[in-house]
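For reference, final.txt (compact mmCIF, C-alpha atoms):
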```txt
# COMPACT_ATOMS: atom_id res chain seq x y z
CA MET O 24 7.84 -18.16 -13.74
CA ASN O 25 4.06 -18.48 -14.04
CA GLU O 26 2.11 -17.48 -17.14
CA PHE O 27 1.04 -13.83 -17.25
CA THR O 28 -0.60 -11.10 -19.28
CA TYR O 29 0.75 -7.63 -18.52
CA THR O 30 -0.60 -4.22 -19.44
CA TYR O 31 0.06 -0.97 -17.64
CA PRO O 32 -2.50 1.84 -18.00
CA VAL O 33 -1.32 4.57 -15.60
CA LYS O 34 0.67 7.42 -17.12
CA GLN O 35 3.41 8.77 -14.83
CA TYR O 36 4.39 12.42 -14.41
CA PHE O 37 7.44 12.35 -12.16
CA GLY O 38 9.53 15.23 -10.82
CA GLU O 39 9.39 18.60 -9.10
CA LYS O 40 6.62 20.92 -10.36
CA ALA O 41 5.08 17.97 -12.19
CA ALA O 42 1.54 19.13 -11.40
CA ALA O 43 1.98 22.64 -12.77
CA LYS O 44 3.74 21.32 -15.86
CA ASN O 45 1.35 18.52 -16.75
CA LEU O 46 -2.09 18.89 -15.17
CA PRO O 47 -3.31 21.62 -17.57
CA ALA O 48 -2.87 19.36 -20.59
CA GLU O 49 -4.58 16.45 -18.85
CA LEU O 50 -7.49 18.63 -17.76
CA GLU O 51 -8.14 19.64 -21.35
CA LYS O 52 -9.21 16.03 -21.99
CA VAL O 53 -11.89 15.86 -19.29
CA GLY O 54 -15.33 17.32 -18.66
CA LYS O 55 -16.20 20.51 -16.84
CA VAL O 56 -17.16 19.23 -13.38
CA VAL O 57 -14.16 18.01 -11.37
CA MET O 58 -14.32 16.47 -7.92
CA LEU O 59 -11.31 17.62 -5.89
CA ALA O 60 -10.86 14.93 -3.23
CA TYR O 61 -8.54 15.14 -0.23
CA GLY O 62 -8.10 14.09 3.38
CA GLY O 63 -8.19 15.92 6.67
CA GLY O 64 -7.11 19.33 5.45
CA SER O 65 -3.31 19.19 5.56
CA VAL O 66 -3.24 19.96 1.83
CA LYS O 67 -4.82 23.31 2.69
CA LYS O 68 -2.23 24.12 5.32
CA THR O 69 0.66 23.28 2.98
CA GLY O 70 -0.63 25.24 -0.02
CA ILE O 71 -1.10 22.20 -2.25
CA PHE O 72 -4.89 22.66 -2.19
CA ASP O 73 -4.61 26.27 -3.38
CA GLU O 74 -2.24 25.16 -6.15
CA MET O 75 -4.74 22.53 -7.34
CA VAL O 76 -7.63 24.99 -7.21
CA SER O 77 -5.63 27.52 -9.22
CA ILE O 78 -4.81 24.94 -11.89
CA LEU O 79 -8.43 23.75 -12.07
CA GLN O 80 -9.83 27.28 -12.26
CA ALA O 81 -7.34 28.22 -14.98
CA ALA O 82 -8.61 25.21 -16.91
CA GLY O 83 -12.18 26.51 -16.55
CA LYS O 84 -13.36 23.67 -14.35
CA GLU O 85 -16.25 23.67 -11.88
CA ILE O 86 -14.91 22.28 -8.59
CA VAL O 87 -16.82 19.91 -6.31
CA GLU O 88 -14.94 19.38 -3.04
CA PHE O 89 -14.93 15.97 -1.36
CA SER O 90 -12.96 16.24 1.87
CA GLY O 91 -12.40 14.39 5.12
CA ILE O 92 -11.14 11.09 3.72
CA MET O 93 -9.66 9.32 6.72
CA SER O 94 -6.40 7.38 6.99
CA ASN O 95 -8.27 4.06 6.96
CA PRO O 96 -11.04 5.00 4.50
CA THR O 97 -14.42 3.56 5.33
CA TYR O 98 -16.95 2.08 2.95
CA ALA O 99 -19.47 4.65 4.21
CA LYS O 100 -17.09 7.45 3.17
CA ALA O 101 -16.70 5.95 -0.31
CA GLN O 102 -20.49 5.72 -0.62
CA GLU O 103 -20.76 9.36 0.49
CA GLY O 104 -18.36 10.38 -2.27
CA ALA O 105 -20.20 8.31 -4.88
CA ALA O 106 -23.53 9.91 -3.93
CA LEU O 107 -21.96 13.38 -4.19
CA ALA O 108 -20.46 12.54 -7.58
CA LYS O 109 -23.86 11.41 -8.87
CA GLU O 110 -25.64 14.45 -7.44
CA LYS O 111 -23.20 16.95 -8.93
CA GLY O 112 -22.70 15.19 -12.26
CA VAL O 113 -18.96 14.84 -11.73
CA ASP O 114 -17.01 14.26 -14.95
CA PHE O 115 -13.56 13.68 -13.45
CA ILE O 116 -12.05 13.00 -10.02
CA LEU O 117 -8.72 14.48 -8.94
CA ALA O 118 -7.50 12.65 -5.82
CA VAL O 119 -4.89 14.67 -3.91
CA GLY O 120 -3.12 12.96 -1.02
CA GLY O 121 -1.71 9.60 -0.03
CA GLY O 122 -2.91 6.07 -0.51
CA SER O 123 -6.06 6.49 1.58
CA VAL O 124 -7.39 9.27 -0.63
CA SER O 125 -6.49 7.35 -3.77
CA ASP O 126 -8.06 4.12 -2.50
CA CYS O 127 -11.28 5.82 -1.50
CA CYS O 128 -11.58 7.62 -4.83
CA LYS O 129 -11.10 4.42 -6.84
CA ILE O 130 -14.26 3.09 -5.22
CA VAL O 131 -16.09 6.42 -5.47
CA ALA O 132 -15.32 6.47 -9.20
CA ALA O 133 -16.70 2.97 -9.72
CA GLN O 134 -19.71 3.14 -7.37
CA ALA O 135 -20.88 6.38 -9.00
CA ARG O 136 -21.47 4.45 -12.23
CA TYR O 137 -23.55 1.68 -10.62
CA GLU O 138 -26.76 1.36 -8.68
CA GLN O 139 -25.70 -2.01 -7.29
CA ASP O 140 -23.65 -1.93 -4.10
CA ILE O 141 -19.99 -2.47 -5.08
CA TRP O 142 -19.21 -4.59 -2.01
CA GLU O 143 -22.09 -6.91 -2.89
CA MET O 144 -21.06 -6.94 -6.54
CA GLU O 145 -17.52 -8.04 -5.72
CA TYR O 146 -17.96 -10.29 -2.68
CA THR O 147 -21.35 -11.86 -3.44
CA ASP O 148 -21.60 -11.83 -7.25
CA HIS O 149 -17.81 -12.03 -7.72
CA LYS O 150 -17.86 -9.40 -10.45
CA ILE O 151 -15.48 -6.48 -10.96
CA PRO O 152 -16.86 -3.08 -12.00
CA ALA O 153 -16.14 -2.35 -15.65
CA GLU O 154 -17.06 1.34 -15.66
CA HIS O 155 -15.92 4.31 -13.63
CA ILE O 156 -15.61 8.08 -13.63
CA PRO O 157 -12.16 8.94 -15.04
CA MET O 158 -9.70 10.00 -12.36
CA GLY O 159 -6.16 11.17 -11.75
CA VAL O 160 -4.01 11.15 -8.62
CA VAL O 161 -1.63 13.77 -7.22
CA VAL O 162 0.53 11.99 -4.66
CA THR O 163 1.53 13.95 -1.56
CA ALA O 164 2.58 11.00 0.64
CA SER O 165 4.24 8.04 -1.03
CA GLY O 166 4.62 4.46 0.14
CA THR O 167 1.37 2.68 -0.65
CA GLY O 168 1.79 2.80 -4.43
CA SER O 169 -2.01 3.06 -4.56
CA GLU O 170 -1.89 5.40 -7.54
CA GLN O 171 -0.37 2.60 -9.62
CA ASN O 172 -3.26 0.13 -9.62
CA ASN O 173 -7.02 -0.29 -9.26
CA GLY O 174 -6.95 -2.05 -5.88
CA ALA O 175 -8.31 -0.31 -2.80
CA VAL O 176 -8.28 -1.28 0.87
CA ILE O 177 -11.53 -0.19 2.48
CA THR O 178 -12.86 -0.64 6.01
CA ASN O 179 -16.43 -1.87 6.15
CA GLU O 180 -17.34 -0.88 9.69
CA GLU O 181 -20.69 -2.68 9.60
CA LYS O 182 -19.04 -5.99 8.70
CA MET O 183 -15.90 -5.37 10.81
CA LEU O 184 -13.75 -6.07 7.76
CA LYS O 185 -10.86 -4.16 6.25
CA ALA O 186 -10.63 -5.74 2.83
CA PRO O 187 -9.60 -5.17 -0.78
CA LEU O 188 -12.00 -3.89 -3.41
CA TRP O 189 -11.34 -3.28 -7.10
CA GLY O 190 -12.23 0.09 -8.57
CA ALA O 191 -10.86 2.56 -11.08
CA PHE O 192 -7.40 2.78 -12.57
CA ALA O 193 -6.19 6.38 -12.62
CA ASP O 194 -5.55 7.84 -16.05
CA PHE O 195 -2.40 9.44 -14.68
CA ALA O 196 -0.37 9.89 -11.51
CA VAL O 197 1.55 13.04 -10.56
CA LEU O 198 4.61 12.13 -8.48
CA ASP O 199 6.36 15.21 -7.13
CA PRO O 200 8.86 14.21 -4.41
CA ALA O 201 8.87 17.77 -3.07
CA TYR O 202 5.27 17.30 -1.94
CA THR O 203 6.44 14.68 0.55
CA LEU O 204 8.25 17.46 2.42
CA THR O 205 4.80 18.54 3.62
CA VAL O 206 4.10 15.36 5.62
CA PRO O 207 5.60 14.45 9.02
CA MET O 208 8.76 12.34 9.00
CA LYS O 209 6.92 9.63 10.93
CA GLN O 210 4.55 9.29 7.98
CA VAL O 211 7.41 9.27 5.47
CA ILE O 212 9.09 6.36 7.28
CA SER O 213 5.84 4.49 7.79
CA GLY O 214 5.04 4.83 4.09
CA ALA O 215 8.51 3.73 3.06
CA PHE O 216 8.20 0.60 5.19
CA ASP O 217 4.92 -0.15 3.44
CA THR O 218 6.89 -0.10 0.18
CA LEU O 219 9.48 -2.48 1.66
CA SER O 220 6.64 -4.72 2.80
CA HIS O 221 5.06 -4.75 -0.67
CA ALA O 222 8.36 -5.89 -2.16
CA MET O 223 8.87 -8.55 0.52
CA GLU O 224 5.31 -9.85 0.20
CA THR O 225 5.78 -10.23 -3.54
CA TYR O 226 9.28 -11.71 -3.21
CA PHE O 227 8.18 -14.49 -0.85
CA GLY O 228 5.28 -15.50 -3.07
CA ARG O 229 5.19 -18.44 -5.45
CA PRO O 230 7.12 -19.79 -7.22
CA SER O 231 9.88 -19.71 -4.63
CA GLU O 232 12.55 -20.19 -7.33
CA ILE O 233 14.34 -16.95 -8.20
CA THR O 234 12.80 -15.12 -11.16
CA ILE O 235 13.78 -11.87 -12.87
CA SER O 236 10.87 -10.29 -10.97
CA ASP O 237 12.54 -11.37 -7.71
CA GLU O 238 15.90 -9.94 -8.72
CA ILE O 239 14.27 -6.60 -9.51
CA SER O 240 12.50 -6.86 -6.16
CA GLU O 241 15.84 -7.30 -4.36
CA ALA O 242 17.07 -4.08 -5.97
CA VAL O 243 13.91 -2.23 -4.87
CA MET O 244 14.30 -3.50 -1.30
CA ARG O 245 17.95 -2.43 -1.14
CA ASN O 246 16.98 0.96 -2.55
CA VAL O 247 14.26 1.50 0.05
CA ILE O 248 16.53 0.50 2.94
CA ARG O 249 19.34 2.78 1.76
CA ASN O 250 17.08 5.77 1.16
CA MET O 251 15.16 5.40 4.40
CA ARG O 252 18.50 5.77 6.13
CA GLU O 253 19.40 8.73 3.93
CA VAL O 254 16.14 10.59 4.49
CA ILE O 255 16.48 10.11 8.25
CA ALA O 256 20.01 11.53 8.07
CA ASP O 257 18.86 14.42 5.84
CA SER O 258 15.12 15.05 5.95
CA GLU O 259 15.39 17.63 3.15
CA SER O 260 17.01 15.23 0.69
CA ILE O 261 14.97 15.40 -2.52
CA SER O 262 17.23 12.69 -3.94
CA ALA O 263 16.25 10.21 -1.20
CA ARG O 264 12.60 11.22 -1.39
CA SER O 265 12.64 10.77 -5.16
CA GLU O 266 14.05 7.26 -4.83
CA LEU O 267 11.50 6.32 -2.17
CA MET O 268 8.64 7.68 -4.27
CA TRP O 269 9.66 5.74 -7.38
CA SER O 270 10.38 2.59 -5.37
CA SER O 271 6.85 2.88 -4.03
CA ALA O 272 5.56 3.01 -7.59
CA MET O 273 7.75 0.11 -8.69
CA ALA O 274 6.50 -2.07 -5.85
CA GLU O 275 2.87 -1.68 -6.93
CA ASN O 276 2.83 -1.10 -10.69
CA GLY O 277 2.79 -4.82 -11.35
CA ILE O 278 6.38 -5.26 -12.52
CA LEU O 279 7.56 -7.12 -9.41
CA LYS O 280 4.49 -9.34 -9.56
CA ILE O 281 4.94 -10.57 -13.13
CA GLY O 282 4.87 -14.37 -13.12
CA LYS O 283 4.23 -14.51 -9.36
CA VAL O 284 1.46 -15.51 -7.00
CA THR O 285 2.06 -13.00 -4.24
CA ASP O 286 2.10 -13.66 -0.50
CA PHE O 287 0.60 -10.60 1.29
CA GLN O 288 -0.32 -12.63 4.38
CA GLY O 289 1.27 -9.94 6.55
CA HIS O 290 -0.95 -7.34 4.90
CA MET O 291 -4.07 -9.41 5.48
CA ILE O 292 -3.27 -9.71 9.21
CA GLU O 293 -2.61 -5.97 9.51
CA HIS O 294 -5.80 -5.16 7.61
CA GLN O 295 -7.91 -7.02 10.14
CA VAL O 296 -6.06 -5.38 13.02
CA GLY O 297 -7.04 -2.14 11.28
CA ALA O 298 -10.67 -3.24 11.14
CA TYR O 299 -10.74 -3.43 14.95
CA THR O 300 -8.36 -0.57 15.80
CA ASP O 301 -7.03 2.65 14.28
CA CYS O 302 -3.79 0.90 13.30
CA ASN O 303 -1.28 2.87 11.22
CA HIS O 304 -0.69 0.60 8.22
CA GLY O 305 3.08 0.85 7.80
CA GLN O 306 3.72 0.71 11.53
CA GLY O 307 1.46 -2.30 11.92
CA LEU O 308 3.35 -4.11 9.17
CA ALA O 309 6.64 -3.35 10.94
CA VAL O 310 5.31 -5.01 14.09
CA ILE O 311 3.96 -8.07 12.26
CA HIS O 312 6.63 -8.96 9.70
CA PRO O 313 9.49 -10.22 11.90
CA VAL O 314 7.10 -12.31 13.99
CA LEU O 315 5.42 -13.73 10.88
CA TYR O 316 8.74 -14.54 9.21
CA ARG O 317 10.09 -16.33 12.28
CA LEU O 318 7.03 -18.57 12.04
CA ILE O 319 7.22 -19.39 8.32
CA TYR O 320 10.88 -19.15 7.25
CA LYS O 321 11.57 -22.91 7.40
CA GLU O 322 8.93 -23.47 4.71
CA ASP O 323 11.02 -21.47 2.22
CA LEU O 324 14.48 -21.67 3.76
CA LYS O 325 16.45 -21.16 0.56
CA LYS O 326 14.56 -17.97 -0.33
CA PHE O 327 14.88 -16.52 3.16
CA ALA O 328 18.62 -17.25 3.10
CA ARG O 329 18.97 -15.48 -0.24
CA PHE O 330 16.95 -12.54 1.16
CA ALA O 331 19.45 -12.33 4.01
CA VAL O 332 22.49 -12.26 1.74
CA GLU O 333 21.21 -10.20 -1.21
CA VAL O 334 19.11 -7.64 0.67
CA TRP O 335 20.67 -7.41 4.13
CA LYS O 336 24.25 -8.35 3.19
CA VAL O 337 24.48 -11.10 5.80
CA ASP O 338 27.87 -12.83 5.65
CA PRO O 339 27.10 -16.53 4.98
CA THR O 340 30.57 -17.73 5.98
CA ASP O 341 30.49 -20.68 8.39
CA LYS O 342 26.69 -20.46 8.73
CA THR O 343 24.08 -23.05 7.93
CA GLU O 344 21.25 -22.11 5.58
CA GLU O 345 18.92 -21.82 8.54
CA GLU O 346 21.36 -19.58 10.43
CA ILE O 347 21.66 -17.33 7.38
CA ALA O 348 17.88 -17.11 7.01
CA LEU O 349 17.42 -16.26 10.69
CA ALA O 350 20.18 -13.64 10.50
CA GLY O 351 18.25 -11.95 7.68
CA ILE O 352 15.06 -11.84 9.71
CA GLU O 353 16.97 -10.39 12.67
CA ALA O 354 18.55 -7.81 10.34
CA LEU O 355 15.03 -6.78 9.33
CA ALA O 356 14.00 -6.56 13.00
CA ASP O 357 17.10 -4.50 13.84
CA PHE O 358 16.39 -2.15 10.92
CA ILE O 359 12.86 -1.58 12.18
CA LYS O 360 14.33 -0.47 15.52
CA GLU O 361 16.99 1.61 13.76
CA VAL O 362 14.42 3.70 11.87
CA ASN O 363 12.32 4.09 15.04
CA LEU O 364 9.34 2.08 13.89
CA PRO O 365 7.35 0.24 16.57
CA THR O 366 8.11 -3.36 17.41
CA THR O 367 4.92 -4.13 19.35
CA PHE O 368 1.30 -3.01 19.21
CA ALA O 369 1.80 -1.60 22.71
CA ASP O 370 4.37 0.78 21.21
CA MET O 371 1.54 2.04 18.99
CA GLY O 372 -0.87 2.45 21.88
CA ILE O 373 -2.91 -0.53 20.69
CA SER O 374 -4.18 -3.13 23.13
CA LEU O 375 -5.67 -6.36 21.81
CA ASP O 376 -7.33 -8.58 24.40
CA ALA O 377 -7.64 -12.33 23.88
CA ASP O 378 -11.19 -12.11 22.51
CA THR O 379 -10.24 -9.43 19.97
CA ARG O 380 -7.16 -11.40 18.88
CA ARG O 381 -9.38 -14.42 18.29
CA LYS O 382 -11.89 -12.39 16.25
CA ILE O 383 -9.12 -10.87 14.15
CA ALA O 384 -7.52 -14.26 13.55
CA GLU O 385 -10.79 -15.91 12.56
CA SER O 386 -11.67 -13.14 10.08
CA THR O 387 -8.23 -12.71 8.46
CA VAL O 388 -7.98 -13.76 4.82
CA ILE O 389 -5.64 -16.74 4.37
CA THR O 390 -3.59 -16.12 1.23
CA GLY O 391 -2.62 -18.75 -1.30
CA GLY O 392 0.80 -17.32 -2.06
CA CYS O 393 2.31 -17.68 1.41
CA CYS O 394 4.91 -20.45 1.69
CA LYS O 395 3.04 -21.76 4.75
CA LYS O 396 -0.74 -21.90 4.79
CA LEU O 397 -1.56 -20.30 8.11
CA THR O 398 -4.41 -21.31 10.37
CA PRO O 399 -6.43 -18.93 12.55
CA GLN O 400 -4.50 -20.42 15.46
CA ASP O 401 -1.22 -19.42 13.79
CA ILE O 402 -2.49 -15.88 13.32
CA GLU O 403 -3.70 -15.71 16.91
CA LYS O 404 -0.22 -16.77 18.04
CA ILE O 405 1.37 -14.06 15.85
CA LEU O 406 -0.94 -11.43 17.31
CA GLU O 407 -0.10 -12.55 20.84
CA GLU O 408 3.61 -12.26 20.15
CA CYS O 409 3.07 -8.80 18.60
CA ARG O 410 1.39 -7.43 21.73
```
Using structure tokens, write down the structure that the file contains.
Amino acid sequence: MNEFTYTYPVKQYFGEKAAAKNLPAELEKVGKVVMLAYGGGSVKKTGIFDEMVSILQAAGKEIVEFSGIMSNPTYAKAQEGAALAKEKGVDFILAVGGGSVSDCCKIVAAQARYEQDIWEMEYTDHKIPAEHIPMGVVVTASGTGSEQNNGAVITNEEKMLKAPLWGAFADFAVLDPAYTLTVPMKQVISGAFDTLSHAMETYFGRPSEITISDEISEAVMRNVIRNMREVIADSESISARSELMWSSAMAENGILKIGKVTDFQGHMIEHQVGAYTDCNHGQGLAVIHPVLYRLIYKEDLKKFARFAVEVWKVDPTDKTEEEIALAGIEALADFIKEVNLPTTFADMGISLDADTRRKIAESTVITGGCCKKLTPQDIEKILEECR
């Protein structure tokens, strides 16, 4: 295990009615002007918006609405929110939604405290913002685990990059599994696969030797697989939704990453696909992962074989280590089909011509934690196979 320093700042309020039970006390600690941030309006249709407004008004807060945060939040949208926060003198941000809303608000919260452009600060000056407007997150769609950390994935349309930025940590996260009943099942499954991907991308990082973090990760992966099947069998199952929501948190609250250099090469490829198309994140990862793993598994054969046995329950009897590893990758591919996730970009209605594949490959971040250091040519080959 590598050296590490671990602190965990985000307070968790988990369970049904968690917002009504806990938000009033949290709101007593913050200033009068609260930005209520959300996405395309589904929170209004489901009644969650009205619930938040009622809680904020009862707390005597002045509400500034910031709406229309898209599923792949753009840098321009984050800048719009930061300008609004400055103009209205926002004291606190309450982000209500899934990972896109949370990600956008982390950057809004930071940018509102600085005159310097945050993208320039981080990618040119290599500095991380140290100040931000305090914020909290009410999760309505789990899977990204965005509420657990200060990382945000933002699409810079001018630069044709979908890339990570570092912004605000939330003071608290409200995790009510009943809220996930308000989102389409397709989104629930897509989000849950994102959680599985987070665990896999951490698991296959360095060192490749099994650590306690990896053993916890195996448990999270098994939990996600089991509860994805359960929620498909019974869409109303609060038990399955609770497990998926907490697994999402576990995959991104830093615990699985302790002592690890993570992989996340699959995420980097999907991010750049998302920079050029409106790619659903979880679905894109489902398309990419089996193809990526078939390319790299020989570089970490022992770990992929263990993944097969411990996560997918592959019977190792009379199989070579390579056969076991491949059986695990095929079990992953079969599971993706089982839960009706796409297996090609064409299934998602996405067409990538040769020129676009080359541009994506050449602009994809190459991660240091992957067991095989990919080349742009490798990534171009992956994208071709994913068509």
Item to check | Nearest residue to Glu232 of chain O from the set O:Cys394, O:Met273, O:Val56, O:Ile352 (distances using all atoms listed in the file) | outcome: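 Smallest separation from Glu232 of chain O among the options: O:Cys394.
Between Glu293 of chain O and the candidates O:Asp357, O:Asp217, O:Glu85, O:Glu241, the tightest atom-to-atom separation, counting only C-alpha atoms, involves O:Asp217.
Within 10 Å of the file-frame point (16.0, -19.7, 1.9), and using only C-alpha atoms, the polymer residues found are Phe227, Ser231, Glu232, Tyr320, Lys321, Glu322, Asp323, Leu324, Lys325, Lys326, Phe327, Ala328, Arg329, Phe330, Ala331, Val332, Glu344, Glu345, Ile347, Ala348, Leu349 and Gly351 of chain O.
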Once you count all atoms listed in the file, what closest atom pair and distance in Å to one decimal does each residue of segment 212-319 of chain O within 8 Å of segment 147-168 of chain O have, with rows by chain and rising residue number, as JSON lines?
```
{"residue": "O:Ser213", "atom": "CA", "partner": "O:Gly166", "partner_atom": "CA", "distance": 7.7}
{"residue": "O:Gly214", "atom": "CA", "partner": "O:Gly166", "partner_atom": "CA", "distance": 4.0}
{"residue": "O:Ala215", "atom": "CA", "partner": "O:Gly166", "partner_atom": "CA", "distance": 4.9}
{"residue": "O:Phe216", "atom": "CA", "partner": "O:Gly166", "partner_atom": "CA", "distance": 7.3}
{"residue": "O:Asp217", "atom": "CA", "partner": "O:Gly166", "partner_atom": "CA", "distance": 5.7}
{"residue": "O:Thr218", "atom": "CA", "partner": "O:Gly166", "partner_atom": "CA", "distance": 5.1}
{"residue": "O:Leu267", "atom": "CA", "partner": "O:Gly166", "partner_atom": "CA", "distance": 7.5}
{"residue": "O:Met268", "atom": "CA", "partner": "O:Ser165", "partner_atom": "CA", "distance": 5.5}
{"residue": "O:Ser271", "atom": "CA", "partner": "O:Gly166", "partner_atom": "CA", "distance": 5.0}
{"residue": "O:Ala272", "atom": "CA", "partner": "O:Gly168", "partner_atom": "CA", "distance": 4.9}
{"residue": "O:Met273", "atom": "CA", "partner": "O:Gly168", "partner_atom": "CA", "distance": 7.8}
{"residue": "O:Ala274", "atom": "CA", "partner": "O:Gly168", "partner_atom": "CA", "distance": 6.9}
{"residue": "O:Glu275", "atom": "CA", "partner": "O:Gly168", "partner_atom": "CA", "distance": 5.2}
{"residue": "O:Asn276", "atom": "CA", "partner": "O:Gly168", "partner_atom": "CA", "distance": 7.4}
```
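The nearest approach to His304 of chain O among the residues O:Gly289, O:Gly282, O:Gly54, O:Pro47, with all atoms listed in the file taken into account, belongs to O:Gly289.
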Checklist outcome for this item: With distances taken over all atoms listed in the file, the candidate from O:Gly277, O:Pro339, O:Pro187, O:Gly112 nearest Pro32 of chain O is O:Gly277
Checklist entry - So what do you get for atom CA of Lys342 of chain O versus atom CA of Leu219 of chain O, distance-wise? => result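 Distance between the two atoms: 25.9 Å.
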Checklist outcome for this item: With distances taken over all atoms listed in the file, the candidate from O:Gly104, O:Gly38, O:Gly392, O:Gly120 nearest Lys67 of chain O is O:Gly120
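The spacing separating atom CA of Glu353 of chain O from atom CA of Val337 of chain O amounts to 10.2 Å.
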Checklist entry - Using only C-alpha atoms, which residues sit within 12 Å of Glu49 of chain O once same-chain residues fewer than 6 positions away are excluded, as a list in words? => result Lys34, Gln35, Tyr36, Ala41, Ala42, Ala43, Ile78, Leu79, Ala82, Phe115, Leu117, Pro157, Met158, Gly159, Val160, Ala193, Asp194, Phe195, Ala196 and Val197 of chain O
